[in-house]
>>> print(open('structure-v2.txt').read())   # compact mmCIF, C-alpha atoms and all ligand atoms
# COMPACT_ATOMS: atom_id res chain seq x y z
CA MET A 1 -28.24 -14.02 -22.42
CA LEU A 2 -26.65 -13.59 -19.01
CA ILE A 3 -24.78 -10.84 -17.21
CA ASP A 4 -22.04 -11.60 -14.70
CA THR A 5 -22.46 -8.67 -12.32
CA HIS A 6 -19.34 -9.45 -10.29
CA CYS A 7 -16.41 -10.52 -12.38
CA HIS A 8 -12.72 -9.97 -11.57
CA LEU A 9 -11.80 -10.61 -15.19
CA TYR A 10 -8.67 -8.48 -14.74
CA ASP A 11 -7.27 -10.85 -12.10
CA GLU A 12 -3.93 -12.37 -13.01
CA ALA A 13 -5.49 -15.83 -12.71
CA PHE A 14 -6.93 -15.21 -16.21
CA ARG A 15 -3.80 -13.93 -17.86
CA PRO A 16 -2.49 -17.27 -19.18
CA ASP A 17 -5.64 -18.13 -21.17
CA PHE A 18 -7.56 -14.86 -21.31
CA ASP A 19 -8.94 -15.31 -24.84
CA ALA A 20 -10.11 -18.86 -24.17
CA VAL A 21 -11.86 -17.67 -20.99
CA LEU A 22 -13.67 -15.03 -23.04
CA ASP A 23 -14.64 -17.52 -25.75
CA ARG A 24 -16.13 -19.87 -23.16
CA ALA A 25 -17.99 -16.99 -21.49
CA ARG A 26 -19.58 -15.94 -24.78
CA ALA A 27 -20.36 -19.56 -25.70
CA ALA A 28 -22.10 -19.96 -22.34
CA GLY A 29 -24.37 -17.01 -23.17
CA MET A 30 -22.67 -14.28 -21.16
CA GLU A 31 -23.28 -10.99 -22.91
CA CYS A 32 -21.27 -8.73 -20.63
CA CYS A 33 -19.87 -8.35 -17.14
CA VAL A 34 -19.37 -5.77 -14.42
CA MET A 35 -15.86 -5.56 -12.94
CA PRO A 36 -15.68 -4.34 -9.34
CA GLY A 37 -12.54 -2.59 -8.22
CA ILE A 38 -10.71 -3.45 -5.00
CA ASP A 39 -8.01 -0.81 -4.43
CA ARG A 40 -5.29 1.16 -6.24
CA SER A 41 -3.22 -1.92 -6.91
CA CYS A 42 -5.74 -3.44 -9.33
CA HIS A 43 -6.95 -0.22 -10.95
CA ASP A 44 -4.69 -0.18 -14.03
CA ALA A 45 -5.26 -3.84 -14.84
CA LEU A 46 -9.01 -3.35 -14.51
CA LEU A 47 -9.02 -0.37 -16.87
CA ALA A 48 -6.83 -2.20 -19.38
CA VAL A 49 -9.46 -4.96 -19.64
CA ALA A 50 -12.28 -2.40 -19.84
CA ASP A 51 -10.46 -0.61 -22.69
CA ALA A 52 -9.79 -3.88 -24.50
CA LEU A 53 -13.43 -4.99 -24.23
CA PRO A 54 -15.68 -1.94 -24.59
CA GLY A 55 -19.35 -2.79 -24.19
CA PHE A 56 -18.43 -6.14 -22.69
CA ALA A 57 -16.48 -5.49 -19.47
CA PHE A 58 -17.78 -2.51 -17.49
CA PRO A 59 -15.38 -0.91 -14.97
CA CYS A 60 -16.13 0.13 -11.38
CA ILE A 61 -14.05 1.88 -8.76
CA GLY A 62 -14.07 1.51 -4.99
CA LEU A 63 -12.11 0.61 -1.89
CA HIS A 64 -12.72 -2.94 -0.64
CA PRO A 65 -13.01 -3.37 3.15
CA THR A 66 -10.13 -5.85 3.32
CA SER A 67 -7.93 -3.21 1.67
CA VAL A 68 -8.67 -0.70 4.42
CA GLY A 69 -5.46 -0.30 6.43
CA GLU A 70 -3.06 2.36 7.66
CA ASN A 71 -3.18 4.18 4.32
CA TRP A 72 -6.97 4.29 4.05
CA ARG A 73 -7.03 8.07 3.58
CA GLU A 74 -4.86 7.89 0.46
CA GLU A 75 -6.83 4.94 -0.88
CA LEU A 76 -10.13 6.73 -0.35
CA ALA A 77 -8.77 9.92 -1.94
CA PHE A 78 -7.75 7.81 -4.94
CA VAL A 79 -11.35 6.68 -5.42
CA ARG A 80 -12.64 10.22 -5.10
CA ASP A 81 -10.03 11.69 -7.45
CA HIS A 82 -10.34 9.06 -10.15
CA LEU A 83 -14.10 8.70 -10.13
CA VAL A 84 -14.29 11.49 -12.70
CA ASP A 85 -11.59 10.10 -15.04
CA ARG A 86 -14.08 8.20 -17.15
CA ARG A 87 -17.43 6.48 -16.92
CA PHE A 88 -17.61 4.02 -14.05
CA TYR A 89 -20.68 1.85 -13.61
CA ALA A 90 -20.65 1.51 -9.83
CA ILE A 91 -18.76 2.37 -6.69
CA GLY A 92 -17.52 -0.95 -5.49
CA GLU A 93 -16.74 -3.14 -4.09
CA ILE A 94 -17.19 -1.49 -0.73
CA GLY A 95 -18.49 -2.75 2.58
CA LEU A 96 -17.49 -4.44 5.82
CA ASP A 97 -15.51 -7.59 6.44
CA GLU A 98 -15.04 -8.81 9.99
CA TYR A 99 -14.07 -12.29 8.87
CA TRP A 100 -10.57 -11.47 7.63
CA SER A 101 -9.78 -8.88 10.28
CA LYS A 102 -11.38 -6.51 12.75
CA ASP A 103 -8.17 -4.52 13.20
CA HIS A 104 -9.42 -1.54 11.22
CA LEU A 105 -13.14 -1.91 11.77
CA LYS A 106 -13.60 1.74 12.70
CA GLU A 107 -11.82 2.78 9.52
CA GLN A 108 -13.82 0.26 7.48
CA ILE A 109 -17.02 1.86 8.73
CA ARG A 110 -15.76 5.37 7.98
CA VAL A 111 -14.62 4.37 4.48
CA LEU A 112 -17.96 2.67 3.79
CA GLU A 113 -19.92 5.71 4.92
CA GLU A 114 -17.84 8.04 2.77
CA GLN A 115 -18.29 5.85 -0.29
CA LEU A 116 -22.04 5.51 0.26
CA SER A 117 -22.23 9.30 0.40
CA LEU A 118 -20.17 9.46 -2.79
CA ALA A 119 -22.68 7.11 -4.42
CA SER A 120 -25.50 9.33 -3.31
CA GLU A 121 -23.78 12.42 -4.77
CA THR A 122 -22.93 10.81 -8.09
CA GLY A 123 -26.05 8.69 -8.48
CA LEU A 124 -23.93 5.61 -9.09
CA PRO A 125 -25.01 2.26 -7.64
CA VAL A 126 -22.85 0.53 -5.02
CA ILE A 127 -21.53 -3.03 -4.89
CA ILE A 128 -21.57 -4.17 -1.28
CA HIS A 129 -19.22 -6.80 0.10
CA LEU A 130 -20.44 -7.92 3.52
CA ARG A 131 -18.88 -10.71 5.52
CA GLU A 132 -19.70 -11.48 9.15
CA ALA A 133 -20.61 -7.85 9.75
CA THR A 134 -24.37 -7.75 9.20
CA GLU A 135 -25.31 -5.86 12.38
CA ASP A 136 -22.57 -3.27 11.89
CA PHE A 137 -23.81 -2.80 8.34
CA PHE A 138 -27.34 -2.20 9.58
CA ARG A 139 -25.97 0.39 12.02
CA VAL A 140 -24.33 2.20 9.10
CA LEU A 141 -27.59 2.10 7.14
CA GLU A 142 -29.44 3.39 10.20
CA ASP A 143 -26.94 6.29 10.57
CA LEU A 144 -27.29 7.17 6.91
CA ARG A 145 -31.08 7.20 6.83
CA GLY A 146 -32.01 9.99 4.45
CA VAL A 147 -28.95 9.42 2.25
CA SER A 148 -30.41 7.74 -0.82
CA PHE A 149 -28.49 5.15 -2.80
CA ARG A 150 -29.08 1.86 -4.54
CA GLY A 151 -26.90 -1.12 -5.20
CA VAL A 152 -26.27 -4.81 -5.00
CA MET A 153 -25.56 -7.03 -2.01
CA HIS A 154 -22.82 -9.04 -3.63
CA ALA A 155 -22.56 -12.77 -2.77
CA PHE A 156 -25.65 -12.43 -0.62
CA SER A 157 -25.75 -15.22 1.94
CA GLY A 158 -28.24 -13.85 4.43
CA SER A 159 -31.60 -15.13 5.54
CA TYR A 160 -34.96 -14.22 4.08
CA GLU A 161 -35.46 -11.94 7.12
CA THR A 162 -32.20 -10.10 6.40
CA TYR A 163 -33.26 -9.71 2.78
CA ARG A 164 -36.57 -8.17 3.84
CA ARG A 165 -34.87 -5.90 6.35
CA LEU A 166 -32.30 -4.67 3.80
CA LEU A 167 -35.08 -3.72 1.42
CA THR A 168 -36.50 -1.33 4.01
CA PHE A 169 -33.31 0.77 3.71
CA ALA A 170 -32.58 0.96 0.00
CA ASP A 171 -33.44 -0.45 -3.39
CA PHE A 172 -31.02 -3.35 -3.13
CA LYS A 173 -30.53 -6.15 -5.61
CA PHE A 174 -29.04 -9.42 -4.38
CA GLY A 175 -26.10 -11.04 -6.13
CA ILE A 176 -26.44 -14.80 -6.35
CA GLY A 177 -23.31 -16.76 -7.20
CA GLY A 178 -21.61 -20.13 -6.94
CA VAL A 179 -22.37 -20.53 -3.24
CA VAL A 180 -25.99 -21.30 -4.14
CA THR A 181 -24.79 -24.58 -5.69
CA TYR A 182 -23.11 -25.77 -2.49
CA LYS A 183 -24.72 -28.48 -0.42
CA ASN A 184 -26.75 -27.10 2.49
CA ALA A 185 -26.25 -23.52 1.35
CA GLY A 186 -28.58 -21.37 3.46
CA ILE A 187 -29.01 -18.96 0.57
CA ALA A 188 -30.78 -21.67 -1.44
CA ARG A 189 -33.55 -21.71 1.20
CA ALA A 190 -33.82 -17.91 1.32
CA LEU A 191 -33.85 -17.78 -2.45
CA GLU A 192 -37.02 -19.84 -2.60
CA GLN A 193 -38.87 -16.90 -1.06
CA MET A 194 -36.96 -14.04 -2.69
CA SER A 195 -38.45 -12.33 -5.73
CA LEU A 196 -36.73 -12.81 -9.06
CA ASP A 197 -37.17 -9.04 -9.46
CA ASP A 198 -34.52 -8.55 -6.76
CA ILE A 199 -31.87 -10.94 -8.07
CA VAL A 200 -28.81 -10.53 -10.26
CA LEU A 201 -26.33 -13.25 -11.20
CA GLU A 202 -22.60 -13.17 -10.51
CA THR A 203 -19.54 -15.39 -10.37
CA ASP A 204 -17.01 -13.41 -8.26
CA CYS A 205 -14.50 -15.24 -10.43
CA PRO A 206 -11.75 -16.34 -9.95
CA TRP A 207 -13.20 -17.14 -6.50
CA LEU A 208 -16.33 -18.93 -5.18
CA THR A 209 -16.43 -21.58 -7.90
CA PRO A 210 -19.76 -23.37 -8.32
CA VAL A 211 -20.30 -27.12 -8.23
CA PRO A 212 -19.10 -29.24 -10.06
CA TYR A 213 -15.87 -27.22 -10.37
CA ARG A 214 -15.59 -26.25 -6.71
CA GLY A 215 -11.94 -26.10 -5.66
CA LYS A 216 -10.78 -25.07 -9.13
CA ARG A 217 -10.51 -21.58 -10.62
CA ASN A 218 -13.87 -19.91 -11.16
CA GLU A 219 -14.48 -18.25 -14.53
CA PRO A 220 -17.21 -16.08 -16.11
CA SER A 221 -18.76 -18.89 -18.18
CA TYR A 222 -19.85 -20.55 -14.93
CA VAL A 223 -22.48 -17.84 -14.53
CA ALA A 224 -24.58 -20.25 -16.62
CA LEU A 225 -24.30 -22.87 -13.83
CA VAL A 226 -25.56 -20.31 -11.34
CA ALA A 227 -28.48 -19.45 -13.62
CA GLU A 228 -29.40 -23.12 -13.90
CA LYS A 229 -29.36 -23.55 -10.14
CA VAL A 230 -31.50 -20.46 -9.62
CA ALA A 231 -34.00 -21.75 -12.18
CA ASP A 232 -34.01 -25.06 -10.34
CA ILE A 233 -34.63 -23.51 -6.92
CA LYS A 234 -37.22 -21.03 -8.16
CA ALA A 235 -38.85 -23.69 -10.35
CA VAL A 236 -39.03 -21.36 -13.34
CA PRO A 237 -37.66 -21.78 -16.88
CA LEU A 238 -33.98 -20.97 -17.37
CA GLU A 239 -34.94 -18.39 -20.01
CA GLU A 240 -36.98 -16.51 -17.44
CA VAL A 241 -34.05 -16.40 -15.02
CA GLY A 242 -31.80 -15.13 -17.79
CA ALA A 243 -34.24 -12.48 -19.01
CA LYS A 244 -35.20 -11.24 -15.56
CA THR A 245 -31.72 -11.08 -14.04
CA THR A 246 -30.29 -9.47 -17.18
CA ASP A 247 -33.00 -6.83 -17.09
CA ASN A 248 -32.36 -6.23 -13.38
CA ALA A 249 -28.62 -5.86 -13.98
CA ARG A 250 -29.11 -3.48 -16.93
CA LYS A 251 -31.35 -1.23 -14.86
CA LEU A 252 -29.13 -1.32 -11.78
CA PHE A 253 -25.87 -0.48 -13.58
CA ASN A 254 -27.37 1.48 -16.50
CA LEU A 255 -25.79 -0.87 -19.03
ZN ZN B 1 -15.34 -9.49 -5.56
>>> encode(input="structure-v2.txt", output="structure tokens")
Amino acid sequence: MLIDTHCHLYDEAFRPDFDAVLDRARAAGMECCVMPGIDRSCHDALLAVADALPGFAFPCIGLHPTSVGENWREELAFVRDHLVDRRFYAIGEIGLDEYWSKDHLKEQIRVLEEQLSLASETGLPVIIHLREATEDFFRVLEDLRGVSFRGVMHAFSGSYETYRRLLTFADFKFGIGGVVTYKNAGIARALEQMSLDDIVLETDCPWLTPVPYRGKRNEPSYVALVAEKVADIKAVPLEEVGAKTTDNARKLFNL
């Protein structure tokens, strides 16, 4: 059985054939998924899916770095205020993204720091989205030394050295998704040296579709393709990848 630890199942891309998507996910061996939040605009849709699929789709709440803009204070207050509404399984996704825009980088950093502190207070894990901002992220970790939290580096695409360095700051897991199936993906090389104890599987669906469906909509069932590729790269049986990553995900998110 597999767990998709990063699944935007509530995205409107799945509305037309939602039940068929679920059937395929279950048929592919997916036992449950974790749904990261992005901002206020997706919150209701996310909770509607969580309510419809208890024990299968686990909700999270957080402010995504690309949603940090002029109204970041209200968005951040929304996370803080609604965190207590019900059980959430992580604060996420949160992080830094200098690829889409650096316009609000200062605010991104502030929002990340506040949410990491929130994670520390609540004991919830974090889901980190990091894109072209590795050194700034390390500066944040450096500033927050002493604040203890744990979480997952979602869609990890760093080097083995970055992996080792991240582990000196917190008990991170590393989310491996469709990118690992792409030709010349650097993460495939890093993965050879990474411990299976540190890895969780994810799709990030409807985005980051694995080969051979690259270019089309990604969906939760494709987590099985990621598992196969990981087994391939690590040269271990598929069952071992499934068992290990599922165990890692259960522990990380308290599923
Ligand atoms: Zn995501």
>>> closest_atom_pairs(input="structure-v2.txt", of="chain A", to="ligand ZN 1 (chain B)", cutoff="10 Å", atoms="only C-alpha atoms and all ligand atoms", output="Markdown table")
| residue | atom | partner | partner_atom | distance |
| --- | --- | --- | --- | --- |
| A:Thr5 | CA | B:ZN1 | ZN | 9.9 |
| A:His6 | CA | B:ZN1 | ZN | 6.2 |
| A:Cys7 | CA | B:ZN1 | ZN | 7.0 |
| A:His8 | CA | B:ZN1 | ZN | 6.6 |
| A:Met35 | CA | B:ZN1 | ZN | 8.4 |
| A:Pro36 | CA | B:ZN1 | ZN | 6.4 |
| A:Gly37 | CA | B:ZN1 | ZN | 7.9 |
| A:Ile38 | CA | B:ZN1 | ZN | 7.6 |
| A:His64 | CA | B:ZN1 | ZN | 8.6 |
| A:Gly92 | CA | B:ZN1 | ZN | 8.8 |
| A:Glu93 | CA | B:ZN1 | ZN | 6.7 |
| A:Ile94 | CA | B:ZN1 | ZN | 9.5 |
| A:Ile127 | CA | B:ZN1 | ZN | 9.0 |
| A:Ile128 | CA | B:ZN1 | ZN | 9.2 |
| A:His129 | CA | B:ZN1 | ZN | 7.4 |
| A:His154 | CA | B:ZN1 | ZN | 7.7 |
| A:Ala155 | CA | B:ZN1 | ZN | 8.4 |
| A:Glu202 | CA | B:ZN1 | ZN | 9.5 |
| A:Thr203 | CA | B:ZN1 | ZN | 8.7 |
| A:Asp204 | CA | B:ZN1 | ZN | 5.0 |
| A:Cys205 | CA | B:ZN1 | ZN | 7.6 |
| A:Pro206 | CA | B:ZN1 | ZN | 8.9 |
| A:Trp207 | CA | B:ZN1 | ZN | 8.0 |
| A:Leu208 | CA | B:ZN1 | ZN | 9.5 |
>>> residues_around(input="structure-v2.txt", residues="Ser148 in chain A", least_positions_apart="5", cutoff="9 Å", atoms="all atoms listed in the file", output="short mmCIF file (atom, residue, chain, number, x, y, z; two decimals) with C-alpha atoms, in the frame of the given file")
data_model
loop_
_atom_site.label_atom_id
_atom_site.label_comp_id
_atom_site.auth_asym_id
_atom_site.auth_seq_id
_atom_site.Cartn_x
_atom_site.Cartn_y
_atom_site.Cartn_z
CA LEU A 116 -22.04 5.51 0.26
CA SER A 117 -22.23 9.30 0.40
CA ALA A 119 -22.68 7.11 -4.42
CA SER A 120 -25.50 9.33 -3.31
CA GLY A 123 -26.05 8.69 -8.48
CA PHE A 169 -33.31 0.77 3.71
CA ALA A 170 -32.58 0.96 0.00
#
>>> residues_near_point(input="structure-v2.txt", point="(-27.9, -7.1, -15.5)", cutoff="8 Å", atoms="all atoms listed in the file", output="ChimeraX atom specification")
/A:2-5,200-201,245-253,255
>>> closest_residue(input="structure-v2.txt", among="A:Ile187, A:Met30, A:Val49, A:Leu76", to="Tyr10 in chain A", atoms="only C-alpha atoms")
A:Val49
>>> residues_near_point(input="structure-v2.txt", point="(-26.5, 2.0, 0.8)", cutoff="12 Å", atoms="all atoms listed in the file", output="ChimeraX atom specification")
/A:91-92,94-95,112-120,123-130,137-153,166-173
>>> atom_distance(input="structure-v2.txt", atom1="CA of Ile199 in chain A", atom2="CA of Ser159 in chain A")
14.2 Å
>>> atom_distance(input="structure-v2.txt", atom1="CA of Glu239 in chain A", atom2="CA of Leu196 in chain A")
12.4 Å
>>> residues_around(input="structure-v2.txt", residues="Leu225 in chain A", least_positions_apart="4", cutoff="12 Å", atoms="all atoms listed in the file", output="PyMOL selection string")
chain A and resi 2+4+25+28-30+176-182+201-203+209-214+218-221+229-232+238+241-242
>>> atom_distance(input="structure-v2.txt", atom1="CA of Asn71 in chain A", atom2="CA of Ala57 in chain A")
28.9 Å
>>> residues_around(input="structure-v2.txt", residues="Pro59 in chain A", least_positions_apart="5", cutoff="7 Å", atoms="only C-alpha atoms", output="VMD selection string")
chain A and resid 34 to 36 46 to 47 50 88 to 89
>>> decode(input="structure-v2.txt", residues="range 163-174 of chain A", atoms="all heavy atoms", output="PDB file, in the first residue's frame")
ATOM      1  N   TYR A 163      20.749  17.557   0.988  1.00  0.00           N
ATOM      2  CA  TYR A 163      20.006  16.591   1.828  1.00  0.00           C
ATOM      3  C   TYR A 163      20.694  16.420   3.178  1.00  0.00           C
ATOM      4  O   TYR A 163      20.079  16.540   4.239  1.00  0.00           O
ATOM      5  CB  TYR A 163      19.909  15.286   1.039  1.00  0.00           C
ATOM      6  CG  TYR A 163      19.741  13.987   1.800  1.00  0.00           C
ATOM      7  CD1 TYR A 163      18.499  13.591   2.297  1.00  0.00           C
ATOM      8  CD2 TYR A 163      20.829  13.117   1.963  1.00  0.00           C
ATOM      9  CE1 TYR A 163      18.345  12.374   2.944  1.00  0.00           C
ATOM     10  CE2 TYR A 163      20.682  11.899   2.611  1.00  0.00           C
ATOM     11  CZ  TYR A 163      19.440  11.531   3.109  1.00  0.00           C
ATOM     12  OH  TYR A 163      19.297  10.328   3.743  1.00  0.00           O
ATOM     13  N   ARG A 164      22.011  16.193   3.144  1.00  0.00           N
ATOM     14  CA  ARG A 164      22.766  15.998   4.381  1.00  0.00           C
ATOM     15  C   ARG A 164      22.711  17.255   5.258  1.00  0.00           C
ATOM     16  O   ARG A 164      22.567  17.180   6.473  1.00  0.00           O
ATOM     17  CB  ARG A 164      24.241  15.661   4.083  1.00  0.00           C
ATOM     18  CG  ARG A 164      24.463  14.387   3.313  1.00  0.00           C
ATOM     19  CD  ARG A 164      24.161  13.158   4.126  1.00  0.00           C
ATOM     20  NE  ARG A 164      24.890  13.159   5.401  1.00  0.00           N
ATOM     21  CZ  ARG A 164      24.674  12.289   6.378  1.00  0.00           C
ATOM     22  NH1 ARG A 164      23.749  11.362   6.234  1.00  0.00           N
ATOM     23  NH2 ARG A 164      25.381  12.352   7.484  1.00  0.00           N
ATOM     24  N   ARG A 165      22.836  18.394   4.596  1.00  0.00           N
ATOM     25  CA  ARG A 165      22.861  19.667   5.327  1.00  0.00           C
ATOM     26  C   ARG A 165      21.501  19.941   5.982  1.00  0.00           C
ATOM     27  O   ARG A 165      21.439  20.407   7.116  1.00  0.00           O
ATOM     28  CB  ARG A 165      23.208  20.773   4.328  1.00  0.00           C
ATOM     29  CG  ARG A 165      23.685  22.054   4.934  1.00  0.00           C
ATOM     30  CD  ARG A 165      24.200  22.973   3.843  1.00  0.00           C
ATOM     31  NE  ARG A 165      24.064  24.366   4.230  1.00  0.00           N
ATOM     32  CZ  ARG A 165      23.969  25.369   3.373  1.00  0.00           C
ATOM     33  NH1 ARG A 165      23.983  25.126   2.065  1.00  0.00           N
ATOM     34  NH2 ARG A 165      23.857  26.610   3.797  1.00  0.00           N
ATOM     35  N   LEU A 166      20.420  19.635   5.266  1.00  0.00           N
ATOM     36  CA  LEU A 166      19.077  19.850   5.818  1.00  0.00           C
ATOM     37  C   LEU A 166      18.860  19.008   7.070  1.00  0.00           C
ATOM     38  O   LEU A 166      18.245  19.455   8.040  1.00  0.00           O
ATOM     39  CB  LEU A 166      18.009  19.514   4.767  1.00  0.00           C
ATOM     40  CG  LEU A 166      17.796  20.602   3.709  1.00  0.00           C
ATOM     41  CD1 LEU A 166      17.044  20.035   2.508  1.00  0.00           C
ATOM     42  CD2 LEU A 166      17.045  21.792   4.304  1.00  0.00           C
ATOM     43  N   LEU A 167      19.405  17.799   7.042  1.00  0.00           N
ATOM     44  CA  LEU A 167      19.207  16.898   8.178  1.00  0.00           C
ATOM     45  C   LEU A 167      19.931  17.363   9.435  1.00  0.00           C
ATOM     46  O   LEU A 167      19.641  16.890  10.529  1.00  0.00           O
ATOM     47  CB  LEU A 167      19.644  15.475   7.811  1.00  0.00           C
ATOM     48  CG  LEU A 167      18.677  14.727   6.892  1.00  0.00           C
ATOM     49  CD1 LEU A 167      19.262  13.385   6.461  1.00  0.00           C
ATOM     50  CD2 LEU A 167      17.320  14.517   7.570  1.00  0.00           C
ATOM     51  N   THR A 168      20.866  18.311   9.294  1.00  0.00           N
ATOM     52  CA  THR A 168      21.524  18.836  10.486  1.00  0.00           C
ATOM     53  C   THR A 168      20.627  19.842  11.210  1.00  0.00           C
ATOM     54  O   THR A 168      20.901  20.213  12.346  1.00  0.00           O
ATOM     55  CB  THR A 168      22.880  19.514  10.170  1.00  0.00           C
ATOM     56  OG1 THR A 168      22.628  20.671   9.367  1.00  0.00           O
ATOM     57  CG2 THR A 168      23.816  18.574   9.435  1.00  0.00           C
ATOM     58  N   PHE A 169      19.563  20.308  10.534  1.00  0.00           N
ATOM     59  CA  PHE A 169      18.680  21.310  11.135  1.00  0.00           C
ATOM     60  C   PHE A 169      17.415  20.735  11.746  1.00  0.00           C
ATOM     61  O   PHE A 169      16.919  21.253  12.741  1.00  0.00           O
ATOM     62  CB  PHE A 169      18.273  22.353  10.088  1.00  0.00           C
ATOM     63  CG  PHE A 169      19.368  23.292   9.720  1.00  0.00           C
ATOM     64  CD1 PHE A 169      20.208  23.035   8.644  1.00  0.00           C
ATOM     65  CD2 PHE A 169      19.567  24.449  10.467  1.00  0.00           C
ATOM     66  CE1 PHE A 169      21.228  23.913   8.314  1.00  0.00           C
ATOM     67  CE2 PHE A 169      20.593  25.329  10.137  1.00  0.00           C
ATOM     68  CZ  PHE A 169      21.429  25.060   9.063  1.00  0.00           C
ATOM     69  N   ALA A 170      16.856  19.726  11.125  1.00  0.00           N
ATOM     70  CA  ALA A 170      15.583  19.186  11.613  1.00  0.00           C
ATOM     71  C   ALA A 170      15.399  17.775  11.083  1.00  0.00           C
ATOM     72  O   ALA A 170      16.095  17.342  10.165  1.00  0.00           O
ATOM     73  CB  ALA A 170      14.418  20.065  11.171  1.00  0.00           C
ATOM     74  N   ASP A 171      14.434  17.084  11.684  1.00  0.00           N
ATOM     75  CA  ASP A 171      14.125  15.736  11.236  1.00  0.00           C
ATOM     76  C   ASP A 171      13.253  15.832   9.984  1.00  0.00           C
ATOM     77  O   ASP A 171      12.040  15.704  10.047  1.00  0.00           O
ATOM     78  CB  ASP A 171      13.399  14.987  12.355  1.00  0.00           C
ATOM     79  CG  ASP A 171      13.109  13.552  11.962  1.00  0.00           C
ATOM     80  OD1 ASP A 171      13.662  13.092  10.936  1.00  0.00           O
ATOM     81  OD2 ASP A 171      12.320  12.898  12.660  1.00  0.00           O
ATOM     82  N   PHE A 172      13.890  16.078   8.863  1.00  0.00           N
ATOM     83  CA  PHE A 172      13.167  16.208   7.606  1.00  0.00           C
ATOM     84  C   PHE A 172      12.983  14.853   6.931  1.00  0.00           C
ATOM     85  O   PHE A 172      13.863  13.978   6.999  1.00  0.00           O
ATOM     86  CB  PHE A 172      13.929  17.117   6.633  1.00  0.00           C
ATOM     87  CG  PHE A 172      13.808  18.583   6.928  1.00  0.00           C
ATOM     88  CD1 PHE A 172      14.929  19.325   7.261  1.00  0.00           C
ATOM     89  CD2 PHE A 172      12.580  19.233   6.856  1.00  0.00           C
ATOM     90  CE1 PHE A 172      14.839  20.693   7.528  1.00  0.00           C
ATOM     91  CE2 PHE A 172      12.476  20.598   7.120  1.00  0.00           C
ATOM     92  CZ  PHE A 172      13.607  21.318   7.453  1.00  0.00           C
ATOM     93  N   LYS A 173      11.831  14.708   6.275  1.00  0.00           N
ATOM     94  CA  LYS A 173      11.650  13.647   5.289  1.00  0.00           C
ATOM     95  C   LYS A 173      11.713  14.336   3.927  1.00  0.00           C
ATOM     96  O   LYS A 173      11.588  15.569   3.834  1.00  0.00           O
ATOM     97  CB  LYS A 173      10.311  12.933   5.482  1.00  0.00           C
ATOM     98  CG  LYS A 173      10.164  12.269   6.825  1.00  0.00           C
ATOM     99  CD  LYS A 173      11.165  11.153   7.010  1.00  0.00           C
ATOM    100  CE  LYS A 173      11.203  10.660   8.447  1.00  0.00           C
ATOM    101  NZ  LYS A 173      12.441   9.969   8.787  1.00  0.00           N
ATOM    102  N   PHE A 174      11.882  13.543   2.880  1.00  0.00           N
ATOM    103  CA  PHE A 174      12.072  14.111   1.546  1.00  0.00           C
ATOM    104  C   PHE A 174      11.036  13.524   0.594  1.00  0.00           C
ATOM    105  O   PHE A 174      10.996  12.303   0.413  1.00  0.00           O
ATOM    106  CB  PHE A 174      13.504  13.854   1.081  1.00  0.00           C
ATOM    107  CG  PHE A 174      14.511  14.544   1.968  1.00  0.00           C
ATOM    108  CD1 PHE A 174      14.883  13.992   3.191  1.00  0.00           C
ATOM    109  CD2 PHE A 174      15.022  15.785   1.624  1.00  0.00           C
ATOM    110  CE1 PHE A 174      15.763  14.651   4.042  1.00  0.00           C
ATOM    111  CE2 PHE A 174      15.909  16.458   2.467  1.00  0.00           C
ATOM    112  CZ  PHE A 174      16.277  15.883   3.680  1.00  0.00           C
TER     113      PHE A 174
END
